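Visitor: One file: upload_37.pdb (PDB, C-alpha atoms).
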MODEL        1
ATOM      1  CA  MET A   1     100.106  80.352  96.123
ATOM      2  CA  GLU A   2     103.851  80.743  96.602
ATOM      3  CA  THR A   3     105.266  84.000  95.277
ATOM      4  CA  LYS A   4     108.750  83.600  93.815
ATOM      5  CA  THR A   5     111.204  86.445  93.242
ATOM      6  CA  ILE A   6     113.873  86.280  90.535
ATOM      7  CA  LEU A   7     116.722  88.804  90.610
ATOM      8  CA  VAL A   8     117.250  90.063  87.056
ATOM      9  CA  ASP A   9     120.394  91.790  85.824
ATOM     10  CA  LYS A  10     119.022  94.583  83.659
ATOM     11  CA  ASP A  11     122.186  94.540  81.552
ATOM     12  CA  VAL A  12     121.868  90.873  80.621
ATOM     13  CA  ASN A  13     119.325  89.785  78.019
ATOM     14  CA  LYS A  14     119.376  86.004  78.199
ATOM     15  CA  GLU A  15     116.364  83.965  77.151
ATOM     16  CA  GLU A  16     116.658  81.674  80.183
ATOM     17  CA  THR A  17     116.421  84.695  82.506
ATOM     18  CA  TYR A  18     112.919  85.433  81.257
ATOM     19  CA  SER A  19     111.733  81.970  80.218
ATOM     20  CA  GLN A  20     109.782  81.292  83.419
ATOM     21  CA  ALA A  21     108.011  84.660  83.284
ATOM     22  CA  VAL A  22     107.224  84.253  79.579
ATOM     23  CA  GLU A  23     105.826  80.760  80.115
ATOM     24  CA  MET A  24     103.642  81.914  83.011
ATOM     25  CA  LEU A  25     102.274  84.852  81.027
ATOM     26  CA  LYS A  26     101.500  82.694  77.990
ATOM     27  CA  ASN A  27      99.673  80.282  80.301
ATOM     28  CA  GLY A  28      97.375  83.010  81.624
ATOM     29  CA  GLU A  29      99.241  83.938  84.814
ATOM     30  CA  ILE A  30     100.222  87.400  86.042
ATOM     31  CA  VAL A  31     103.820  88.486  86.667
ATOM     32  CA  ALA A  32     105.240  91.621  88.293
ATOM     33  CA  PHE A  33     108.145  93.373  86.555
ATOM     34  CA  PRO A  34     110.014  96.684  86.777
ATOM     35  CA  THR A  35     109.513  99.635  84.470
ATOM     36  CA  GLU A  36     111.325 102.960  84.621
ATOM     37  CA  THR A  37     108.286 104.476  86.385
ATOM     38  CA  VAL A  38     107.020 101.908  88.938
ATOM     39  CA  TYR A  39     106.711  98.118  89.070
ATOM     40  CA  GLY A  40     103.905  96.780  86.890
ATOM     41  CA  LEU A  41     101.626  93.772  87.323
ATOM     42  CA  GLY A  42     101.406  92.228  83.877
ATOM     43  CA  ALA A  43      98.963  89.963  82.073
ATOM     44  CA  VAL A  44      98.595  89.304  78.347
ATOM     45  CA  ALA A  45      96.285  92.108  77.214
ATOM     46  CA  THR A  46      94.265  89.911  74.862
ATOM     47  CA  ASP A  47      93.420  87.327  77.570
ATOM     48  CA  THR A  48      90.288  88.290  79.519
ATOM     49  CA  GLU A  49      90.750  85.670  82.255
ATOM     50  CA  ALA A  50      94.399  86.568  82.795
ATOM     51  CA  VAL A  51      93.581  90.283  83.014
ATOM     52  CA  ASP A  52      90.832  89.493  85.509
ATOM     53  CA  LYS A  53      93.530  88.085  87.795
ATOM     54  CA  ILE A  54      95.117  91.542  87.907
ATOM     55  CA  PHE A  55      91.882  93.065  89.187
ATOM     56  CA  LYS A  56      91.503  90.337  91.806
ATOM     57  CA  ALA A  57      95.103  90.555  93.019
ATOM     58  CA  LYS A  58      94.965  94.342  93.311
ATOM     59  CA  GLY A  59      91.359  94.674  94.466
ATOM     60  CA  ARG A  60      90.999  97.168  91.614
ATOM     61  CA  PRO A  61      87.635  98.594  90.440
ATOM     62  CA  ALA A  62      86.581  97.050  87.128
ATOM     63  CA  ASP A  63      85.775 100.406  85.495
ATOM     64  CA  ASN A  64      89.388 101.558  85.827
ATOM     65  CA  PRO A  65      91.151 100.890  82.482
ATOM     66  CA  LEU A  66      94.639  99.403  82.258
ATOM     67  CA  ILE A  67      97.655 100.688  80.346
ATOM     68  CA  VAL A  68      99.045  98.351  77.697
ATOM     69  CA  HIS A  69     102.807  97.951  77.331
ATOM     70  CA  VAL A  70     104.420  96.958  74.019
ATOM     71  CA  ASP A  71     107.996  96.649  72.799
ATOM     72  CA  SER A  72     108.059  99.276  70.036
ATOM     73  CA  LYS A  73     106.211 101.953  68.107
ATOM     74  CA  GLU A  74     105.773  99.478  65.252
ATOM     75  CA  THR A  75     104.069  96.987  67.563
ATOM     76  CA  ALA A  76     101.832  99.700  69.012
ATOM     77  CA  LEU A  77     100.605 100.642  65.557
ATOM     78  CA  ASN A  78      99.284  97.089  65.117
ATOM     79  CA  TYR A  79      96.807  97.674  67.945
ATOM     80  CA  VAL A  80      95.554 101.253  67.427
ATOM     81  CA  SER A  81      93.930 103.245  64.632
ATOM     82  CA  ASN A  82      93.340 106.873  63.654
ATOM     83  CA  VAL A  83      96.899 107.700  64.684
ATOM     84  CA  THR A  84      97.480 111.398  64.060
ATOM     85  CA  GLN A  85     100.719 113.066  63.024
ATOM     86  CA  LYS A  86     100.939 114.552  66.520
ATOM     87  CA  ALA A  87     100.641 111.091  68.080
ATOM     88  CA  GLU A  88     103.446 109.776  65.873
ATOM     89  CA  LYS A  89     105.609 112.747  66.803
ATOM     90  CA  CYS A  90     105.094 111.895  70.479
ATOM     91  CA  MET A  91     105.985 108.265  69.853
ATOM     92  CA  ASP A  92     109.176 109.286  68.066
ATOM     93  CA  ALA A  93     110.157 111.841  70.697
ATOM     94  CA  PHE A  94     109.295 110.045  73.933
ATOM     95  CA  TRP A  95     109.258 106.285  73.288
ATOM     96  CA  PRO A  96     110.654 104.212  74.808
ATOM     97  CA  GLY A  97     109.757 106.245  77.871
ATOM     98  CA  ALA A  98     107.296 107.414  80.468
ATOM     99  CA  LEU A  99     104.515 108.617  78.164
ATOM    100  CA  THR A 100     101.219 106.790  77.683
ATOM    101  CA  LEU A 101      99.108 107.797  74.695
ATOM    102  CA  ILE A 102      95.326 107.373  74.660
ATOM    103  CA  LEU A 103      94.387 106.258  71.153
ATOM    104  CA  LYS A 104      91.475 104.537  69.439
ATOM    105  CA  ALA A 105      91.874 100.786  69.875
ATOM    106  CA  LYS A 106      91.421  98.491  66.898
ATOM    107  CA  PRO A 107      88.241  96.471  67.526
ATOM    108  CA  ASP A 108      88.238  92.966  68.986
ATOM    109  CA  LEU A 109      91.936  92.843  69.850
ATOM    110  CA  PHE A 110      92.181  93.760  73.542
ATOM    111  CA  ALA A 111      90.202  92.098  76.292
ATOM    112  CA  ASP A 112      87.199  94.231  77.298
ATOM    113  CA  ASN A 113      88.460  94.445  80.891
ATOM    114  CA  VAL A 114      91.648  96.133  79.648
ATOM    115  CA  THR A 115      89.772  99.040  78.078
ATOM    116  CA  ALA A 116      86.885  99.017  80.598
ATOM    117  CA  GLY A 117      84.578  98.733  77.586
ATOM    118  CA  LEU A 118      85.841 101.940  75.982
ATOM    119  CA  GLU A 119      86.846 102.334  72.331
ATOM    120  CA  THR A 120      90.185 103.791  73.429
ATOM    121  CA  VAL A 121      93.292 102.302  74.989
ATOM    122  CA  GLY A 122      96.292 103.711  76.828
ATOM    123  CA  ILE A 123      99.500 102.362  75.310
ATOM    124  CA  ARG A 124     103.213 102.928  75.831
ATOM    125  CA  VAL A 125     106.706 101.516  75.243
ATOM    126  CA  PRO A 126     108.627 101.328  78.553
ATOM    127  CA  SER A 127     112.329 102.146  78.575
ATOM    128  CA  HIS A 128     113.402  99.824  81.415
ATOM    129  CA  PRO A 129     115.579  97.084  79.875
ATOM    130  CA  VAL A 130     113.910  94.322  81.928
ATOM    131  CA  ALA A 131     110.449  95.377  80.737
ATOM    132  CA  LEU A 132     111.631  95.647  77.139
ATOM    133  CA  ASN A 133     113.430  92.292  77.222
ATOM    134  CA  LEU A 134     110.338  90.619  78.669
ATOM    135  CA  LEU A 135     108.066  92.156  76.020
ATOM    136  CA  ARG A 136     110.415  91.249  73.175
ATOM    137  CA  GLN A 137     110.629  87.628  74.275
ATOM    138  CA  LEU A 138     106.910  87.352  74.988
ATOM    139  CA  LYS A 139     105.941  88.972  71.663
ATOM    140  CA  MET A 140     102.522  89.901  73.089
ATOM    141  CA  PRO A 141     101.116  93.110  74.620
ATOM    142  CA  LEU A 142     100.993  93.308  78.411
ATOM    143  CA  ALA A 143      98.296  95.091  80.375
ATOM    144  CA  ALA A 144     100.175  96.282  83.445
ATOM    145  CA  PRO A 145      98.942  98.627  86.164
ATOM    146  CA  SER A 146     101.148  99.285  89.172
ATOM    147  CA  ALA A 147     101.846  96.120  91.175
ATOM    148  CA  ASN A 148     100.321  97.243  94.470
ATOM    149  CA  THR A 149      97.094  96.828  96.382
ATOM    150  CA  SER A 150      94.621  99.243  94.787
ATOM    151  CA  GLY A 151      94.606 102.640  96.496
ATOM    152  CA  LYS A 152      97.954 102.132  98.224
ATOM    153  CA  PRO A 153     101.324 103.698  97.307
ATOM    154  CA  SER A 154     102.762 102.327  94.085
ATOM    155  CA  PRO A 155     105.812 100.026  94.298
ATOM    156  CA  THR A 156     109.266 101.296  93.372
ATOM    157  CA  LEU A 157     111.109  98.240  94.723
ATOM    158  CA  ALA A 158     110.488  94.515  94.305
ATOM    159  CA  GLU A 159     110.112  94.260  98.085
ATOM    160  CA  HIS A 160     107.147  96.661  97.876
ATOM    161  CA  VAL A 161     105.514  94.307  95.361
ATOM    162  CA  TYR A 162     106.218  91.288  97.546
ATOM    163  CA  HIS A 163     104.691  93.047 100.559
ATOM    164  CA  ASP A 164     101.418  93.660  98.710
ATOM    165  CA  MET A 165     101.263  90.627  96.422
ATOM    166  CA  ASN A 166     102.803  87.766  98.410
ATOM    167  CA  GLY A 167     100.532  84.756  97.985
ATOM    168  CA  LYS A 168      98.487  86.463  95.249
ATOM    169  CA  ILE A 169     100.834  86.192  92.250
ATOM    170  CA  PRO A 170     103.364  83.544  91.222
ATOM    171  CA  LEU A 171     106.382  85.643  90.227
ATOM    172  CA  VAL A 172     108.161  88.964  90.716
ATOM    173  CA  LEU A 173     111.064  89.980  88.479
ATOM    174  CA  ASP A 174     113.392  92.061  90.658
ATOM    175  CA  GLY A 175     115.214  94.631  88.539
ATOM    176  CA  GLY A 176     116.163  96.942  91.391
ATOM    177  CA  ALA A 177     114.803 100.377  92.201
ATOM    178  CA  THR A 178     112.795 102.162  89.524
ATOM    179  CA  ALA A 179     114.490 105.263  88.129
ATOM    180  CA  ILE A 180     111.586 107.724  87.929
ATOM    181  CA  GLY A 181     109.359 106.628  90.812
ATOM    182  CA  ILE A 182     105.959 107.897  89.629
ATOM    183  CA  GLU A 183     103.634 106.620  86.920
ATOM    184  CA  SER A 184     103.788 107.723  83.288
ATOM    185  CA  THR A 185     102.271 110.880  81.893
ATOM    186  CA  VAL A 186      98.986 110.037  80.163
ATOM    187  CA  LEU A 187      98.140 112.112  77.087
ATOM    188  CA  ASP A 188      94.770 111.811  75.358
ATOM    189  CA  MET A 189      95.339 112.003  71.609
ATOM    190  CA  THR A 190      91.670 111.480  70.710
ATOM    191  CA  CYS A 191      90.846 115.153  71.284
ATOM    192  CA  GLU A 192      92.212 118.430  69.958
ATOM    193  CA  PRO A 193      94.249 119.926  71.437
ATOM    194  CA  PRO A 194      95.581 116.791  73.156
ATOM    195  CA  CYS A 195      94.882 116.631  76.884
ATOM    196  CA  ILE A 196      97.037 115.464  79.795
ATOM    197  CA  LEU A 197      94.856 113.132  81.870
ATOM    198  CA  ARG A 198      97.609 112.279  84.361
ATOM    199  CA  PRO A 199     100.810 114.310  84.827
ATOM    200  CA  GLY A 200     104.111 112.491  85.072
ATOM    201  CA  ASN A 201     107.787 112.710  84.262
ATOM    202  CA  VAL A 202     107.112 113.940  80.710
ATOM    203  CA  THR A 203     105.911 117.490  81.278
ATOM    204  CA  LYS A 204     103.412 119.719  79.511
ATOM    205  CA  GLU A 205     106.284 121.959  78.428
ATOM    206  CA  GLN A 206     108.206 119.052  76.888
ATOM    207  CA  LEU A 207     105.119 117.886  75.027
ATOM    208  CA  GLU A 208     104.369 121.366  73.705
ATOM    209  CA  GLU A 209     107.888 121.636  72.300
ATOM    210  CA  VAL A 210     107.029 118.651  70.101
ATOM    211  CA  ILE A 211     103.332 119.044  69.213
ATOM    212  CA  GLY A 212     102.243 122.552  70.216
ATOM    213  CA  VAL A 213      99.360 123.362  72.549
ATOM    214  CA  VAL A 214      98.458 120.731  75.153
ATOM    215  CA  ARG A 215      95.597 121.044  77.649
ATOM    216  CA  LEU A 216      95.635 120.005  81.298
ATOM    217  CA  SER A 217      92.649 118.002  82.511
ATOM    218  CA  THR A 218      90.983 118.304  85.880
ATOM    219  CA  ASP A 219      89.877 115.064  87.480
ATOM    220  CA  ILE A 220      86.775 113.570  85.907
ATOM    221  CA  GLN A 221      84.031 112.679  88.364
ATOM    222  CA  GLY A 222      81.068 110.531  87.417
ATOM    223  CA  ASN A 223      82.283 109.686  83.915
ATOM    224  CA  ALA A 224      84.078 106.643  82.593
ATOM    225  CA  PRO A 225      87.796 107.428  83.010
ATOM    226  CA  LYS A 226      90.025 106.978  79.968
ATOM    227  CA  SER A 227      93.111 106.670  82.155
ATOM    228  CA  PRO A 228      94.082 105.136  85.489
ATOM    229  CA  GLY A 229      94.324 107.538  88.397
ATOM    230  CA  MET A 230      91.400 109.749  87.397
ATOM    231  CA  LYS A 231      88.507 108.592  89.538
ATOM    232  CA  TYR A 232      89.495 106.967  92.821
ATOM    233  CA  MET A 233      91.539 107.797  95.895
ATOM    234  CA  HIS A 234      95.060 106.540  95.290
ATOM    235  CA  TYR A 235      98.479 106.150  96.865
ATOM    236  CA  ALA A 236      97.238 106.407 100.462
ATOM    237  CA  PRO A 237      99.065 104.927 103.477
ATOM    238  CA  GLU A 238      97.184 103.851 106.616
ATOM    239  CA  ALA A 239      97.572 107.146 108.527
ATOM    240  CA  PRO A 240      95.677 110.144 107.097
ATOM    241  CA  VAL A 241      97.671 112.419 104.801
ATOM    242  CA  TYR A 242      97.190 116.185 104.903
ATOM    243  CA  LEU A 243      98.650 118.691 102.463
ATOM    244  CA  ILE A 244     100.411 121.727 103.904
ATOM    245  CA  GLU A 245     102.146 124.642 102.215
ATOM    246  CA  GLU A 246     105.904 124.197 102.161
ATOM    247  CA  ASP A 247     106.691 126.955 104.635
ATOM    248  CA  VAL A 248     109.101 126.016 107.430
ATOM    249  CA  ARG A 249     107.430 128.197 110.060
ATOM    250  CA  LEU A 250     103.945 126.950 109.130
ATOM    251  CA  ILE A 251     105.036 123.310 109.277
ATOM    252  CA  GLU A 252     106.747 123.787 112.646
ATOM    253  CA  MET A 253     103.514 125.293 114.003
ATOM    254  CA  ALA A 254     101.550 122.326 112.627
ATOM    255  CA  ILE A 255     103.971 119.864 114.280
ATOM    256  CA  ASP A 256     103.515 121.660 117.619
ATOM    257  CA  HIS A 257      99.729 121.549 117.193
ATOM    258  CA  VAL A 258      99.735 117.802 116.528
ATOM    259  CA  HIS A 259     102.047 117.169 119.486
ATOM    260  CA  ASN A 260      99.795 119.246 121.762
ATOM    261  CA  GLU A 261      96.981 116.844 120.847
ATOM    262  CA  GLY A 262      99.146 113.954 122.028
ATOM    263  CA  LYS A 263      99.639 112.593 118.506
ATOM    264  CA  LYS A 264     102.668 111.621 116.460
ATOM    265  CA  VAL A 265     103.405 113.246 113.119
ATOM    266  CA  ALA A 266     105.492 112.383 110.067
ATOM    267  CA  VAL A 267     106.518 115.098 107.610
ATOM    268  CA  LEU A 268     107.254 114.575 103.909
ATOM    269  CA  SER A 269     109.248 117.526 102.635
ATOM    270  CA  HIS A 270     112.273 118.786 100.736
ATOM    271  CA  HIS A 271     113.517 120.066 104.128
ATOM    272  CA  GLU A 272     114.354 118.243 107.349
ATOM    273  CA  PHE A 273     112.169 118.713 110.446
ATOM    274  CA  PRO A 274     113.921 117.315 113.548
ATOM    275  CA  SER A 275     110.948 118.388 115.701
ATOM    276  CA  ALA A 276     108.691 115.922 113.866
ATOM    277  CA  ASP A 277     108.501 112.349 115.144
ATOM    278  CA  PHE A 278     109.558 111.218 111.672
ATOM    279  CA  ASP A 279     110.563 113.061 108.532
ATOM    280  CA  PHE A 280     111.060 111.625 105.074
ATOM    281  CA  PRO A 281     112.340 113.044 101.775
ATOM    282  CA  LEU A 282     109.866 114.147  99.141
ATOM    283  CA  SER A 283     110.681 113.881  95.444
ATOM    284  CA  ALA A 284     109.364 111.873  92.517
ATOM    285  CA  ALA A 285     111.926 109.152  93.199
ATOM    286  CA  THR A 286     111.217 108.958  96.954
ATOM    287  CA  LEU A 287     107.474 109.742  97.152
ATOM    288  CA  TYR A 288     106.018 106.230  97.223
ATOM    289  CA  GLY A 289     108.869 104.815  99.277
ATOM    290  CA  SER A 290     108.334 107.530 101.893
ATOM    291  CA  LEU A 291     104.570 106.911 101.981
ATOM    292  CA  ARG A 292     105.210 103.188 102.427
ATOM    293  CA  LYS A 293     107.659 103.862 105.284
ATOM    294  CA  CYS A 294     104.829 105.669 107.059
ATOM    295  CA  ASP A 295     102.992 102.323 107.231
ATOM    296  CA  MET A 296     105.939 100.822 109.104
ATOM    297  CA  ILE A 297     105.992 103.365 111.941
ATOM    298  CA  ASP A 298     103.694 104.471 114.748
ATOM    299  CA  VAL A 299     102.285 107.722 113.401
ATOM    300  CA  ASN A 300      98.861 109.399 113.602
ATOM    301  CA  ILE A 301      99.125 112.095 110.934
ATOM    302  CA  ILE A 302     101.248 112.600 107.820
ATOM    303  CA  LEU A 303     101.944 116.140 106.627
ATOM    304  CA  ALA A 304     102.970 116.419 102.977
ATOM    305  CA  ALA A 305     104.624 119.740 102.148
ATOM    306  CA  VAL A 306     103.728 121.125  98.719
ATOM    307  CA  SER A 307     104.696 124.300  96.927
ATOM    308  CA  ALA A 308     102.244 127.191  96.832
ATOM    309  CA  ASN A 309     103.123 127.400  93.131
ATOM    310  CA  LYS A 310     100.653 125.016  91.448
ATOM    311  CA  GLN A 311     102.866 124.854  88.340
ATOM    312  CA  LYS A 312     105.765 123.398  90.340
ATOM    313  CA  ASP A 313     106.071 119.622  90.798
ATOM    314  CA  VAL A 314     102.704 119.060  89.072
ATOM    315  CA  ALA A 315     103.060 115.273  89.003
ATOM    316  CA  ILE A 316     103.965 115.002  92.696
ATOM    317  CA  LEU A 317     101.114 117.332  93.676
ATOM    318  CA  ASN A 318      98.703 115.192  91.642
ATOM    319  CA  ARG A 319      99.684 112.052  93.595
ATOM    320  CA  LEU A 320      99.670 113.788  96.964
ATOM    321  CA  GLU A 321      96.224 115.309  96.356
ATOM    322  CA  LYS A 322      94.886 111.801  95.792
ATOM    323  CA  ALA A 323      96.765 110.351  98.777
ATOM    324  CA  ALA A 324      95.266 113.103 100.949
ATOM    325  CA  ASP A 325      91.868 112.967  99.247
ATOM    326  CA  HIS A 326      92.434 116.714  98.693
ATOM    327  CA  LYS A 327      92.531 117.442 102.483
ATOM    328  CA  TRP A 328      94.641 120.393 103.696
ATOM    329  CA  PHE A 329      95.914 120.733 107.250
ATOM    330  CA  SER A 330      94.205 123.581 109.073
TER     331      SER A 330
ENDMDL
END
Take the structure I supplied and represent it as structure tokens, if you would.

Guide:
Amino acid sequence: METKTILVDKDVNKEETYSQAVEMLKNGEIVAFPTETVYGLGAVATDTEAVDKIFKAKGRPADNPLIVHVDSKETALNYVSNVTQKAEKCMDAFWPGALTLILKAKPDLFADNVTAGLETVGIRVPSHPVALNLLRQLKMPLAAPSANTSGKPSPTLAEHVYHDMNGKIPLVLDGGATAIGIESTVLDMTCEPPCILRPGNVTKEQLEEVIGVVRLSTDIQGNAPKSPGMKYMHYAPEAPVYLIEEDVRLIEMAIDHVHNEGKKVAVLSHHEFPSADFDFPLSAATLYGSLRKCDMIDVNIILAAVSANKQKDVAILNRLEKAADHKWFS
């Protein structure tokens, strides 16, 4: 299969710009497109065979549910039930935007492989103009996980998608770099108080300003996950990632230790480390790009510097813990 890339001007909403993508999606194909968080790999969420192509292209476990993207709150309400006042407040406050709400799905609408057989669905309205224009012209819901090989760093550029998906999908819409760089916050609205299943750009504090008390979830092991990113190792480059406290002296000692073993080290940090073989910036916007750069260099170990304050950079820490499989450098 030839993978085609179309450069899309996010400020231009012309039907012909999206016509090829819309036609492919309606015919059961999968198409990659930008959102404000990361690039998504979309299939019509009511088409079981089309959604199955997502799992095959990504190599994604079948019990990992997919987030559904729609063009508006009004459209979302056509697909979910038992919507509480708190859920509507979140929709009004954060949509379009980087918040996914777990709600009870109306029966017999979504393909079973979208919900992984659960009665709930994760749903959101993206704010990226390319994603919104595509959804408005398609007039159908799109199941769209990140457009990367399962377990690898998520794509924040079209070239990342092409690297992972070349020959596996027919089309990539290139809308430039994503603005946020990490996946959406996932909030479970089927419990009380609501529970954050995956932290993201929308924070616990922002949510609590709108709806009051919100719980934080620890990773669920052995149970059917309601949200992506809860059960499997994610975001990992080829070289092993180790977490290390963001202390300059401690990191310099770790670099010396790795060098004494005759190995090369890359450091991801807010600070620069000239003594490392490679050092890359670490922020929400640069995280996945930096992890992907580590696959393009000759490195044995990656040290990811994280704050000792667990309440700081919660979303970044969540991704790095999964990339490192919770391993700390010692």

Visitor: Pick out the closest residue to A:Trp95 from this set: A:Leu7, A:Leu109, A:Val267, A:Leu132. Count all atoms listed in the file.

Guide: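 Closest to A:Trp95 of all the choices is A:Leu132.
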
Visitor: Write out as a ChimeraX atom specification each polymer residue whose atoms come within 10 Å of A:Pro96, counting only C-alpha atoms; drop sequence neighbours fewer than 2 positions from it.

Guide: /A:36,70-73,91-94,98-99,124-128,132

Visitor: Keeping only C-alpha atoms, write the selected residues to a file as a short mmCIF file (atom, residue, chain, number, x, y, z; two decimals), keeping the file's coordinate frame.

Guide:
data_model
loop_
_atom_site.label_atom_id
_atom_site.label_comp_id
_atom_site.auth_asym_id
_atom_site.auth_seq_id
_atom_site.Cartn_x
_atom_site.Cartn_y
_atom_site.Cartn_z
CA GLU A 36 111.32 102.96 84.62
CA VAL A 70 104.42 96.96 74.02
CA ASP A 71 108.00 96.65 72.80
CA SER A 72 108.06 99.28 70.04
CA LYS A 73 106.21 101.95 68.11
CA MET A 91 105.98 108.26 69.85
CA ASP A 92 109.18 109.29 68.07
CA ALA A 93 110.16 111.84 70.70
CA PHE A 94 109.30 110.04 73.93
CA ALA A 98 107.30 107.41 80.47
CA LEU A 99 104.52 108.62 78.16
CA ARG A 124 103.21 102.93 75.83
CA VAL A 125 106.71 101.52 75.24
CA PRO A 126 108.63 101.33 78.55
CA SER A 127 112.33 102.15 78.58
CA HIS A 128 113.40 99.82 81.42
CA LEU A 132 111.63 95.65 77.14
#

Visitor: Under the PyMOL selection byres ((chain A and resi 59-62) around 9), which residues of this model are included? Write them out as an MDAnalysis selection string.

Guide: chainID A and resid 52 54:58 63:65 113 116 149:151 232

Visitor: For A:Val121, which residue out of A:Val44, A:Leu138, A:Ile297, A:Ile102 is the nearest one, using all atoms listed in the file?

Guide: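 Going through A:Val44, A:Leu138, A:Ile297, A:Ile102 one by one, the smallest distance to A:Val121 is for A:Ile102.
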
Visitor: Set the distance at 10 Å and use all atoms listed in the file: which residues neighbour A:Pro141 once local chain neighbours fewer than 5 positions away are removed? I'd like the list as a PyMOL selection string.

Guide: chain A and resi 42-46+68-71+75-76+79+110+123+135-136

Visitor: I would like the residues chosen by the PyMOL selection byres ((chain A and resi 272) around 12) on the shown file; could you give them as number ranges by chain?

Guide: A: 246-248, 251-252, 266-271, 273-282, 305

Visitor: Applying the PyMOL selection byres ((chain A and resi 165) around 9) to the file I just gave you, which residues come out? Please list them as a list in words.

Guide: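 Taken on the displayed file, the PyMOL selection byres ((chain A and resi 165) around 9) yields the residues Thr3, Ala57, Lys58, Ala147, Asn148, Thr149, His160, Val161, Tyr162, His163, Asp164, Asn166, Gly167, Lys168 and Ile169 of chain A.
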
Visitor: Work out how far apart atom CA of A:Ser81 and atom CA of A:Ala105 are and give it in Å to one decimal.

Guide: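 Computing the Euclidean distance for atom CA of A:Ser81 and atom CA of A:Ala105 yields 6.1 Å.
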
Visitor: Can you work out which one of A:Val299, A:Leu157, A:Leu41, A:Ile182 has the shortest atom-to-atom distance to A:Gly200, counting all atoms listed in the file?

Guide: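 Going through A:Val299, A:Leu157, A:Leu41, A:Ile182 one by one, the smallest distance to A:Gly200 is for A:Ile182.
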
Visitor: Nearest to A:Lys322: which of A:Val241, A:Met253, A:Cys90, A:Leu291 is it, counting only C-alpha atoms?

Guide: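 That would be A:Val241, the residue with the smallest distance to A:Lys322.
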
Visitor: With a distance cut-off of 9 Å and all atoms listed in the file, select the neighbouring residues of A:Leu103, excluding the residue or stretch itself and same-chain residues fewer than 2 positions from it, and output the selection as a list in words.

Guide: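 Result of the neighbour search: Val80, Ser81, Asn82, Val83, Ala87, Leu101, Ala105, Glu119, Thr120, Val121, Gly122, Ile123, Asp188, Met189 and Thr190 of chain A.
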
Visitor: Could you jot down the atom CA of A:Ile302 to atom CA of A:Asp174 separation for me, Å, one decimal place?

Guide: 29.4 Å

Visitor: Pick from A:Leu187, A:Ala324, A:Asn27, A:Tyr288: nearest to A:Ala304, with all atoms listed in the file counted?

Guide: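 Among the listed residues, A:Ala324 lies closest to A:Ala304.
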
Visitor: Can you work out the spacing between atom CA of A:Cys195 and atom CA of A:Phe33 in Å, to one decimal?

Guide: 28.5 Å
